[in-house]
Amino acid sequence: MDEKKTLLSVKDLKVSFFTPAGEVKAVNGISYDLGYNEVMGIVGESGSGKSVEAYSIIGLLQSPGKVIGGTIEFEGENVLEFDEERMRQFRGNKVSMIFQNPMTCLNPVYTIGNQLIEALMCHDKGYTKEQARKRAIEMLELVGINNAEKRIDQYPHEFSGGMRQRAMIAMALICEPKLLIADEPTTALDVTIQAQILELMKDLQKKENTSIIFITHNLGVVAEICDRVSVMYAGHIIEQGPVNDIFYEPRHPYTKGLLASTPRLDEETKERLIPIEGTPIDLLNPPKGCNFGPRCKDCMKICLREKPPFVEVGEGHISACWLHFMEKREEEARS
Amino acid sequence: MAGYIFKRFVVAILTLLLIMTITFFLMNAVPGSPFLTEKSTPEMIARANAKYGLDKPLYVQLFNYVKNYLHGDLGTSLKMQEGTAVSTIIFHQGKFTLSLKLGLYALALAVVIGIPLGCIAAYNRGKWIDGFLRVVTTVGVAVPTFVLATMLLVVFAVKLKVLSTLSGSLQDFKSYIMPVISLSFYYTCYVAKLTRTSMLDAINQDYIRTARAKGVKTRALILKHALRNSLIPVITYLGPVMAGIITGSFVVESTFSIPGLGKYFVQSVLSRDYPVIMATTVVLSALVIFMNLVVDIAYKIVDPRINLITKED
């Protein structure tokens with residue numbers, strides 16, 4: 001397994017929602033590469049564009065949302081140029097997705113088995129009905145559902161929340177996709193079940209060699225499962241790097257703020273959490289300069305005038321902030 | 001399931017008894033007599049009343065009705081076809097079959113056309129075809145049957161002369177066209193509206209997004225995933241309508257001169273033919289009750305979450 005080779009390459013992706021009030025630039029020029037067998041976390045607060053970005057990869061953007069620029073290359077092919085039928089065959093087969101709320105994501109009037117088998121049969125893989133059923137049972141066993149032979153004929157309402165999310169994962173992986181997009185898969189579950197599902201995903205990722213894009217606003221979850229992290233703010237990636245760098249040496253003021261506002265259970269401090277002051281910007285009228293500028297306590301004049309460029313701050317670790325740019329220039333001047 | 005159906009059967013018998021009682025008192029509360037004509041004298045009426053047992057106290061009369069019904073005897077007509085058994089009038093003279101056929105065809109048309117139209121409108125929400133269908137269905141729901149029936153008669157029978165004004169006993173395909181269209185148009189439009197609304201609700205559910213993410217084809221998305229989930233309101237509506245469509249066909253049967261049960265039912269009330277009123281009411285009520293049971297079972301088939309047998313049972 002060549003970890004360096006690129007599976008997915010997103011370049012300058014722009015997605016806008018055309019609302020009566022005007023154009024909302026939900027994703028405004030993001031780029032990243034994802035390797036085979038790599039797990040990347042996308043973190044950010046609500047409305048930062050993390051789900052919209054994922055939906056554009058799998059072609060699930062709903063009107064009035066529209067990709068207006070950039071490319072999404074999957075194994076060298078631009079996904080955005082696929083026609084409808086090609087996109088349909090791509091979805092669920094090469095890339096699949098699991099969602100936030102397992103309680104509503106399964107169709108209540110069909111059995112779990114029916115829905116799993118459907119996922120397999122709508123991509124012509126030459127399975128007969130019996131083979132497909134066998135495969136579905138195998139998948140249910142793989143995700144840790146006991147008594148799969150019997151449970152396959154049950155309806156979603158006979159499953160608990162955690163079990164349903166397991167079934168969703170089984171359904172997502174049944175076609176052996178190369179990429180799994182997990183959109184906050186643990187948010188709707190209680191903490192113990194959350195841990196079980198994460199453990200399961202980590203396990204399966206290793207067994208099935210699937211790359212994962214893990215979207216969440218939960219930093220704890222990111223630390224648990226991801227190799228690399230992209231931090232999103234207001235439609236931009238503002239910092240990206242290996243998971244340890246992001247947690248131990250965050251560079252961007254927003255990432256620092258996020259970490260400072262996260263409660264820690266491992267240290268016994270009586271200190272108050274430090275919130276990030278202010279509110280996210282209005283995406284209808286984004287500021288001219290850095291999107292985080294108006295909330296940043298280190299904001300300079302240039303931050304309000306121009307968008308900051310990415311600066312490499314470590315190996316594979318980039319951050320978009322004028323502070324780094326200044327530091328780097330000073331360093332260069334000194335040497 | 002068998003236990004459930006048995007329970008419903010017992011309840012149905014009780015319901016029918018109640019309906020008989022109410023019908024009995026209502027029809028006796030209406031002044032007039034089946035034997036009242038311009039020539040009849042009070043003695044003649046009294047004699048006729050005595051002959052048919054109408055001089056007995058009301059509770060005895062009601063008791064006799066119930067007793068005879070339990071024996072399968074629906075009584076004899078007092079006026080409309082004097083002396084003929086009511087069961088013969090309803091079932092053997094083709095009246096019930098005629099109305100039933102007309103009703104079933106109209107219902108089938110409402111389902112076969114209404115549901116797909118609703119799906120098309122929902123799938124193309126906001127586009128011209130949705131707008132067009134919305135106008136048509138709104139008009140369809142608003143236009144009374146007698147207006148539509150008369151319009152069809154004027155256009156196709158009087159002006160174009162392609163169809164006959166008299167549909168009679170619906171012997172051939174042509175004679176069905178106008179009655180079935182006039183009877184079903186309202187229901188077709190209503191079903192289309194209902195389907196559109198519940199389909200729109202279903203289309204925006206999370207499981208539709210999941211199905212799309214799996215790579216399910218658009219057709220299967222609508223027909224398999226969305227439609228089944230949006231059928232409940234439609235089924236709820238169709239059950240009682242089924243019975244209503246048969247009695248409701250009075251206007252259509254009159255307009256197109258079809259000797260069906262709907263028309264006969266109204267005539268029996270006008271001529272105070274008590275046994276006929278009672279029998280038609282009971283037969284139609286039984287039909288409504290039966291359709292309600294069918295609807296409840298259909299619910300269970302469409303949506304496995306619905307539990308017919310409650311925990312107390």
# chains A, B, ... in the order shown; residues from 1 in each chain; ligands from 1
call {"tool": "closest_atom_pairs", "arguments": {"of": "chain A", "to": "chain B", "cutoff": "10 Å", "atoms": "only C-alpha atoms", "output": "Markdown table"}}
result
| residue | atom | partner | partner_atom | distance |
| --- | --- | --- | --- | --- |
| A:Tyr55 | CA | B:Ala213 | CA | 9.4 |
| A:Ile58 | CA | B:Ala213 | CA | 7.2 |
| A:Gly59 | CA | B:Ala213 | CA | 8.4 |
| A:Leu60 | CA | B:Ala213 | CA | 7.1 |
| A:Gln62 | CA | B:Arg209 | CA | 10.0 |
| A:Glu84 | CA | B:Lys217 | CA | 9.8 |
| A:Glu85 | CA | B:Lys217 | CA | 8.4 |
| A:Arg86 | CA | B:Gly215 | CA | 9.8 |
| A:Met87 | CA | B:Gly215 | CA | 8.0 |
| A:Arg88 | CA | B:Gly215 | CA | 4.7 |
| A:Gln89 | CA | B:Gly215 | CA | 6.0 |
| A:Phe90 | CA | B:Gly215 | CA | 7.2 |
| A:Arg91 | CA | B:Gly215 | CA | 4.9 |
| A:Gly92 | CA | B:Lys214 | CA | 4.1 |
| A:Asn93 | CA | B:Lys214 | CA | 7.4 |
| A:Val95 | CA | B:Ala213 | CA | 8.6 |
| A:Ser96 | CA | B:Ala213 | CA | 6.3 |
| A:Met97 | CA | B:Ala213 | CA | 6.3 |
| A:Ile98 | CA | B:Thr210 | CA | 7.7 |
| A:Phe99 | CA | B:Thr210 | CA | 7.9 |
| A:Gln100 | CA | B:Asp206 | CA | 9.6 |
| A:Asn101 | CA | B:Asp206 | CA | 8.2 |
| A:Pro102 | CA | B:Asp206 | CA | 9.0 |
| A:Met103 | CA | B:Asp206 | CA | 9.2 |
| A:Thr104 | CA | B:Asp206 | CA | 5.7 |
| A:Cys105 | CA | B:Tyr207 | CA | 4.2 |
| A:Leu106 | CA | B:Tyr207 | CA | 5.0 |
| A:Asn107 | CA | B:Tyr207 | CA | 5.1 |
| A:Pro108 | CA | B:Arg305 | CA | 7.5 |
| A:Val109 | CA | B:Asp303 | CA | 5.3 |
| A:Tyr110 | CA | B:Pro304 | CA | 8.1 |
| A:Thr111 | CA | B:Pro304 | CA | 9.1 |
| A:Gln115 | CA | B:Ala211 | CA | 8.5 |
| A:Leu116 | CA | B:Lys214 | CA | 9.4 |
| A:Glu118 | CA | B:Val216 | CA | 7.8 |
| A:Ala119 | CA | B:Lys214 | CA | 5.5 |
| A:Leu120 | CA | B:Lys214 | CA | 8.5 |
| A:Met121 | CA | B:Val216 | CA | 9.2 |
| A:Cys122 | CA | B:Val216 | CA | 6.0 |
| A:His123 | CA | B:Gly215 | CA | 7.5 |
| A:Gln154 | CA | B:Pro304 | CA | 9.8 |
| A:Tyr155 | CA | B:Pro304 | CA | 7.5 |
| A:Pro156 | CA | B:Arg305 | CA | 9.2 |
| A:His157 | CA | B:Arg305 | CA | 7.0 |
| A:Glu158 | CA | B:Arg305 | CA | 9.0 |
| A:Met168 | CA | B:Thr210 | CA | 8.9 |
| A:Met171 | CA | B:Lys214 | CA | 8.2 |
| A:Ala172 | CA | B:Lys214 | CA | 7.3 |
| A:Ile174 | CA | B:Lys214 | CA | 10.0 |
| A:Cys175 | CA | B:Lys214 | CA | 9.4 |
call {"tool": "residues_around", "arguments": {"residues": "region 123-132 of chain B", "least_positions_apart": "3", "cutoff": "12 Å", "atoms": "only C-alpha atoms", "output": "PyMOL selection string"}}
result
(chain A and resi 63) or (chain B and resi 116-120+135-139+192-193+195-204+218-219+221-223+226-227)
call {"tool": "closest_atom_pairs", "arguments": {"of": "region 245-279 of chain A", "to": "region 223-238 of chain A", "cutoff": "10 Å", "atoms": "only C-alpha atoms", "output": "JSON lines"}}
result
{"residue": "A:Asp245", "atom": "CA", "partner": "A:Arg228", "partner_atom": "CA", "distance": 9.1}
{"residue": "A:Ile246", "atom": "CA", "partner": "A:Val229", "partner_atom": "CA", "distance": 7.1}
{"residue": "A:Phe247", "atom": "CA", "partner": "A:Ala223", "partner_atom": "CA", "distance": 7.8}
{"residue": "A:Arg251", "atom": "CA", "partner": "A:Ile238", "partner_atom": "CA", "distance": 9.9}
{"residue": "A:His252", "atom": "CA", "partner": "A:Ile238", "partner_atom": "CA", "distance": 7.2}
{"residue": "A:Pro253", "atom": "CA", "partner": "A:Ile238", "partner_atom": "CA", "distance": 9.6}
{"residue": "A:Tyr254", "atom": "CA", "partner": "A:Tyr233", "partner_atom": "CA", "distance": 8.2}
{"residue": "A:Thr255", "atom": "CA", "partner": "A:Val231", "partner_atom": "CA", "distance": 7.1}
{"residue": "A:Leu258", "atom": "CA", "partner": "A:Val231", "partner_atom": "CA", "distance": 9.8}
call {"tool": "select_by_dssp", "arguments": {"residues": "region 39-163 of chain A", "states": "alpha helix (DSSP H)", "output": "PyMOL selection string"}}
result
chain A and resi 50-58+84-90+102-105+112-121+129-142+148-151+161-163
call {"tool": "closest_residue", "arguments": {"among": "B:Pro275, B:Asp296, B:Ser230, B:Ile177", "to": "Gly53 (chain B)", "atoms": "only C-alpha atoms"}}
result
B:Pro275
call {"tool": "residues_around", "arguments": {"residues": "Met151 (chain B)", "least_positions_apart": "4", "cutoff": "12 Å", "atoms": "only C-alpha atoms", "output": "PyMOL selection string"}}
result
chain B and resi 143-147+155-159+165+178-179+181-182+255-256
call {"tool": "write_last_selection", "arguments": {"atoms": "N, CA and C atoms", "output": "PDB file, in the first residue's frame"}}
result
ATOM      1  N   VAL B 143     -64.186  21.705  -9.315  1.00  0.00           N
ATOM      2  CA  VAL B 143     -65.344  21.581 -10.210  1.00  0.00           C
ATOM      3  C   VAL B 143     -66.287  20.478  -9.722  1.00  0.00           C
ATOM      4  N   PRO B 144     -67.581  20.786  -9.525  1.00  0.00           N
ATOM      5  CA  PRO B 144     -68.526  19.754  -9.074  1.00  0.00           C
ATOM      6  C   PRO B 144     -68.735  18.708 -10.169  1.00  0.00           C
ATOM      7  N   THR B 145     -69.041  17.482  -9.725  1.00  0.00           N
ATOM      8  CA  THR B 145     -69.195  16.381 -10.675  1.00  0.00           C
ATOM      9  C   THR B 145     -70.271  16.669 -11.721  1.00  0.00           C
ATOM     10  N   PHE B 146     -71.392  17.258 -11.272  1.00  0.00           N
ATOM     11  CA  PHE B 146     -72.488  17.442 -12.241  1.00  0.00           C
ATOM     12  C   PHE B 146     -72.112  18.432 -13.335  1.00  0.00           C
ATOM     13  N   VAL B 147     -71.262  19.410 -13.004  1.00  0.00           N
ATOM     14  CA  VAL B 147     -70.807  20.362 -14.021  1.00  0.00           C
ATOM     15  C   VAL B 147     -69.939  19.636 -15.044  1.00  0.00           C
ATOM     16  N   VAL B 155     -70.117  18.362 -24.888  1.00  0.00           N
ATOM     17  CA  VAL B 155     -69.029  18.353 -25.869  1.00  0.00           C
ATOM     18  C   VAL B 155     -69.022  17.058 -26.692  1.00  0.00           C
ATOM     19  N   PHE B 156     -68.983  15.910 -26.003  1.00  0.00           N
ATOM     20  CA  PHE B 156     -68.740  14.663 -26.738  1.00  0.00           C
ATOM     21  C   PHE B 156     -70.013  14.029 -27.310  1.00  0.00           C
ATOM     22  N   ALA B 157     -71.156  14.242 -26.633  1.00  0.00           N
ATOM     23  CA  ALA B 157     -72.369  13.595 -27.117  1.00  0.00           C
ATOM     24  C   ALA B 157     -73.187  14.522 -28.005  1.00  0.00           C
ATOM     25  N   VAL B 158     -73.300  15.794 -27.582  1.00  0.00           N
ATOM     26  CA  VAL B 158     -74.172  16.698 -28.333  1.00  0.00           C
ATOM     27  C   VAL B 158     -73.433  17.348 -29.503  1.00  0.00           C
ATOM     28  N   LYS B 159     -72.277  17.945 -29.213  1.00  0.00           N
ATOM     29  CA  LYS B 159     -71.574  18.683 -30.290  1.00  0.00           C
ATOM     30  C   LYS B 159     -70.818  17.728 -31.217  1.00  0.00           C
ATOM     31  N   THR B 165     -75.426   9.813 -25.380  1.00  0.00           N
ATOM     32  CA  THR B 165     -75.845  10.495 -24.152  1.00  0.00           C
ATOM     33  C   THR B 165     -76.308   9.486 -23.113  1.00  0.00           C
ATOM     34  N   MET B 178     -67.375   8.395 -20.433  1.00  0.00           N
ATOM     35  CA  MET B 178     -67.801   9.614 -19.747  1.00  0.00           C
ATOM     36  C   MET B 178     -68.154   9.408 -18.278  1.00  0.00           C
ATOM     37  N   PRO B 179     -68.947   8.364 -17.944  1.00  0.00           N
ATOM     38  CA  PRO B 179     -69.249   8.183 -16.516  1.00  0.00           C
ATOM     39  C   PRO B 179     -68.005   7.993 -15.655  1.00  0.00           C
ATOM     40  N   ILE B 181     -64.885   8.924 -16.271  1.00  0.00           N
ATOM     41  CA  ILE B 181     -64.097  10.160 -16.173  1.00  0.00           C
ATOM     42  C   ILE B 181     -64.770  11.144 -15.224  1.00  0.00           C
ATOM     43  N   SER B 182     -66.076  11.332 -15.361  1.00  0.00           N
ATOM     44  CA  SER B 182     -66.721  12.318 -14.483  1.00  0.00           C
ATOM     45  C   SER B 182     -66.656  11.898 -13.029  1.00  0.00           C
ATOM     46  N   THR B 255     -77.071  11.528 -14.480  1.00  0.00           N
ATOM     47  CA  THR B 255     -76.725  12.279 -15.686  1.00  0.00           C
ATOM     48  C   THR B 255     -76.640  11.361 -16.907  1.00  0.00           C
ATOM     49  N   PHE B 256     -76.059  10.200 -16.710  1.00  0.00           N
ATOM     50  CA  PHE B 256     -75.847   9.325 -17.861  1.00  0.00           C
ATOM     51  C   PHE B 256     -76.885   8.208 -17.949  1.00  0.00           C
TER      52      PHE B 256
END
call {"tool": "residues_around", "arguments": {"residues": "Glu53 (chain A)", "least_positions_apart": "3", "cutoff": "12 Å", "atoms": "only C-alpha atoms", "output": "PyMOL selection string"}}
result
chain A and resi 10-16+25-32+42-44+47-50+56-61+65-67+70-72+181+183+213-215+232+234-237
call {"tool": "write_last_selection", "arguments": {"atoms": "N, CA and C atoms", "output": "compact mmCIF listing (two decimals), in the first residue's frame"}}
result
# COMPACT_ATOMS: atom_id res chain seq x y z
N VAL A 10 -8.18 17.61 -4.38
CA VAL A 10 -9.13 18.71 -4.52
C VAL A 10 -8.33 19.99 -4.75
N LYS A 11 -8.68 20.70 -5.82
CA LYS A 11 -7.92 21.92 -6.14
C LYS A 11 -8.84 23.12 -6.29
N ASP A 12 -8.61 24.10 -5.46
CA ASP A 12 -9.29 25.38 -5.55
C ASP A 12 -10.82 25.23 -5.69
N LEU A 13 -11.38 24.33 -4.92
CA LEU A 13 -12.82 24.06 -5.01
C LEU A 13 -13.64 25.23 -4.45
N LYS A 14 -14.60 25.66 -5.28
CA LYS A 14 -15.48 26.74 -4.84
C LYS A 14 -16.93 26.30 -4.97
N VAL A 15 -17.67 26.39 -3.88
CA VAL A 15 -19.08 26.04 -3.91
C VAL A 15 -19.88 27.22 -3.37
N SER A 16 -20.91 27.60 -4.12
CA SER A 16 -21.75 28.70 -3.66
C SER A 16 -23.20 28.28 -3.60
N LYS A 25 -20.92 32.12 -0.33
CA LYS A 25 -19.75 31.34 -0.72
C LYS A 25 -19.40 30.37 0.40
N ALA A 26 -20.04 29.20 0.33
CA ALA A 26 -19.89 28.23 1.42
C ALA A 26 -18.50 27.62 1.45
N VAL A 27 -17.97 27.33 0.27
CA VAL A 27 -16.60 26.84 0.17
C VAL A 27 -15.90 27.74 -0.83
N ASN A 28 -14.80 28.34 -0.40
CA ASN A 28 -14.21 29.39 -1.23
C ASN A 28 -12.75 29.10 -1.54
N GLY A 29 -12.54 28.13 -2.41
CA GLY A 29 -11.18 27.86 -2.87
C GLY A 29 -10.38 27.01 -1.90
N ILE A 30 -10.77 25.74 -1.72
CA ILE A 30 -9.96 24.90 -0.85
C ILE A 30 -9.23 23.85 -1.68
N SER A 31 -8.06 23.47 -1.23
CA SER A 31 -7.25 22.48 -1.93
C SER A 31 -6.65 21.52 -0.90
N TYR A 32 -6.64 20.26 -1.24
CA TYR A 32 -5.89 19.30 -0.43
C TYR A 32 -5.73 18.01 -1.21
N ILE A 42 -11.57 16.68 8.84
CA ILE A 42 -11.88 18.07 8.52
C ILE A 42 -12.65 18.61 9.71
N VAL A 43 -12.05 19.57 10.38
CA VAL A 43 -12.71 20.15 11.56
C VAL A 43 -13.12 21.57 11.27
N GLY A 44 -14.11 22.00 11.96
CA GLY A 44 -14.56 23.37 11.82
C GLY A 44 -15.90 23.51 12.48
N GLY A 47 -21.33 25.53 9.73
CA GLY A 47 -21.36 26.55 8.70
C GLY A 47 -20.01 26.89 8.11
N SER A 48 -18.97 26.11 8.49
CA SER A 48 -17.65 26.44 7.94
C SER A 48 -17.46 25.81 6.56
N GLY A 49 -18.41 25.01 6.13
CA GLY A 49 -18.34 24.48 4.77
C GLY A 49 -17.82 23.06 4.70
N LYS A 50 -17.65 22.40 5.83
CA LYS A 50 -17.02 21.07 5.79
C LYS A 50 -17.93 20.02 5.15
N SER A 56 -19.89 17.82 -2.32
CA SER A 56 -19.52 18.06 -3.72
C SER A 56 -18.68 16.92 -4.27
N ILE A 57 -17.92 16.25 -3.42
CA ILE A 57 -17.10 15.14 -3.91
C ILE A 57 -18.01 14.02 -4.41
N ILE A 58 -19.07 13.76 -3.69
CA ILE A 58 -19.91 12.61 -4.01
C ILE A 58 -21.13 13.00 -4.84
N GLY A 59 -21.18 14.30 -5.21
CA GLY A 59 -22.25 14.77 -6.09
C GLY A 59 -23.61 14.79 -5.44
N LEU A 60 -23.65 15.10 -4.17
CA LEU A 60 -24.94 15.13 -3.47
C LEU A 60 -25.39 16.55 -3.15
N LEU A 61 -24.70 17.53 -3.72
CA LEU A 61 -25.09 18.91 -3.46
C LEU A 61 -26.50 19.13 -3.99
N GLY A 65 -27.29 24.89 -4.08
CA GLY A 65 -25.84 24.80 -4.00
C GLY A 65 -25.24 24.40 -5.33
N LYS A 66 -24.09 24.95 -5.67
CA LYS A 66 -23.49 24.66 -6.96
C LYS A 66 -21.97 24.80 -6.88
N VAL A 67 -21.28 23.84 -7.50
CA VAL A 67 -19.83 23.97 -7.59
C VAL A 67 -19.54 25.00 -8.67
N GLY A 70 -12.92 25.09 -9.66
CA GLY A 70 -11.98 24.12 -9.12
C GLY A 70 -12.17 22.73 -9.72
N THR A 71 -11.34 21.80 -9.25
CA THR A 71 -11.45 20.43 -9.73
C THR A 71 -11.41 19.48 -8.53
N ILE A 72 -12.04 18.32 -8.72
CA ILE A 72 -11.94 17.24 -7.73
C ILE A 72 -11.46 16.02 -8.51
N ILE A 181 -16.52 8.76 3.15
CA ILE A 181 -16.70 10.08 3.74
C ILE A 181 -17.62 9.93 4.94
N ASP A 183 -19.58 11.88 7.64
CA ASP A 183 -20.02 13.23 8.02
C ASP A 183 -20.58 13.19 9.44
N ILE A 213 -12.37 10.38 4.85
CA ILE A 213 -12.45 11.81 5.18
C ILE A 213 -13.43 11.90 6.34
N PHE A 214 -12.94 12.36 7.46
CA PHE A 214 -13.74 12.35 8.67
C PHE A 214 -14.12 13.78 9.04
N ILE A 215 -15.39 14.09 8.87
CA ILE A 215 -15.84 15.45 9.13
C ILE A 215 -16.41 15.53 10.53
N MET A 232 -11.07 24.04 9.01
CA MET A 232 -11.80 24.95 8.11
C MET A 232 -12.44 26.08 8.89
N ALA A 234 -15.01 29.42 7.75
CA ALA A 234 -15.72 30.26 6.79
C ALA A 234 -15.37 29.93 5.33
N GLY A 235 -15.41 28.67 4.99
CA GLY A 235 -15.24 28.27 3.60
C GLY A 235 -13.81 28.13 3.15
N HIS A 236 -12.86 28.34 4.05
CA HIS A 236 -11.45 28.19 3.71
C HIS A 236 -10.80 27.14 4.62
N ILE A 237 -9.79 26.43 4.07
CA ILE A 237 -8.94 25.67 4.97
C ILE A 237 -7.92 26.67 5.50
call {"tool": "residues_around", "arguments": {"residues": "Gly314 (chain A)", "least_positions_apart": "4", "cutoff": "12 Å", "atoms": "only C-alpha atoms", "output": "list in words"}}
result
Glu239, Gln240, Gly241, Pro242, Asn244, Asp245, Ile246, Glu249, Pro250, Arg251, Phe310, Ile318, Ser319, His324 and Lys328 of chain A
call {"tool": "residues_around", "arguments": {"residues": "Gly94 (chain B)", "least_positions_apart": "4", "cutoff": "9 Å", "atoms": "only C-alpha atoms", "output": "list in words"}}
result
Ile89, Ile90, Leu98, Ser99, Ser169, Pro259, Gly260 and Leu261 of chain B
call {"tool": "write_last_selection", "arguments": {"atoms": "N, CA and C atoms", "output": "PDB file, in the first residue's frame"}}
result
ATOM      1  N   ILE B  89     -83.402  -7.204  -5.777  1.00  0.00           N
ATOM      2  CA  ILE B  89     -83.271  -5.885  -6.407  1.00  0.00           C
ATOM      3  C   ILE B  89     -81.813  -5.437  -6.392  1.00  0.00           C
ATOM      4  N   ILE B  90     -81.180  -5.591  -5.223  1.00  0.00           N
ATOM      5  CA  ILE B  90     -79.814  -5.065  -5.105  1.00  0.00           C
ATOM      6  C   ILE B  90     -78.813  -5.926  -5.857  1.00  0.00           C
ATOM      7  N   LEU B  98     -73.350  -2.985 -11.157  1.00  0.00           N
ATOM      8  CA  LEU B  98     -73.170  -1.852 -12.058  1.00  0.00           C
ATOM      9  C   LEU B  98     -72.455  -0.705 -11.334  1.00  0.00           C
ATOM     10  N   SER B  99     -72.978  -0.374 -10.136  1.00  0.00           N
ATOM     11  CA  SER B  99     -72.353   0.707  -9.370  1.00  0.00           C
ATOM     12  C   SER B  99     -70.944   0.333  -8.941  1.00  0.00           C
ATOM     13  N   SER B 169     -76.675   0.324 -19.389  1.00  0.00           N
ATOM     14  CA  SER B 169     -76.103  -0.656 -18.472  1.00  0.00           C
ATOM     15  C   SER B 169     -74.619  -0.878 -18.721  1.00  0.00           C
ATOM     16  N   PRO B 259     -78.790   2.705 -14.590  1.00  0.00           N
ATOM     17  CA  PRO B 259     -79.642   2.197 -13.507  1.00  0.00           C
ATOM     18  C   PRO B 259     -78.830   1.539 -12.399  1.00  0.00           C
ATOM     19  N   GLY B 260     -78.053   2.288 -11.698  1.00  0.00           N
ATOM     20  CA  GLY B 260     -77.177   1.724 -10.666  1.00  0.00           C
ATOM     21  C   GLY B 260     -77.757   1.852  -9.275  1.00  0.00           C
ATOM     22  N   LEU B 261     -76.986   1.428  -8.297  1.00  0.00           N
ATOM     23  CA  LEU B 261     -77.455   1.424  -6.916  1.00  0.00           C
ATOM     24  C   LEU B 261     -77.533   2.834  -6.341  1.00  0.00           C
TER      25      LEU B 261
END
call {"tool": "atom_distance", "arguments": {"atom1": "CA of Lys5 (chain A)", "atom2": "CA of Lys202 (chain A)"}}
result
20.7 Å
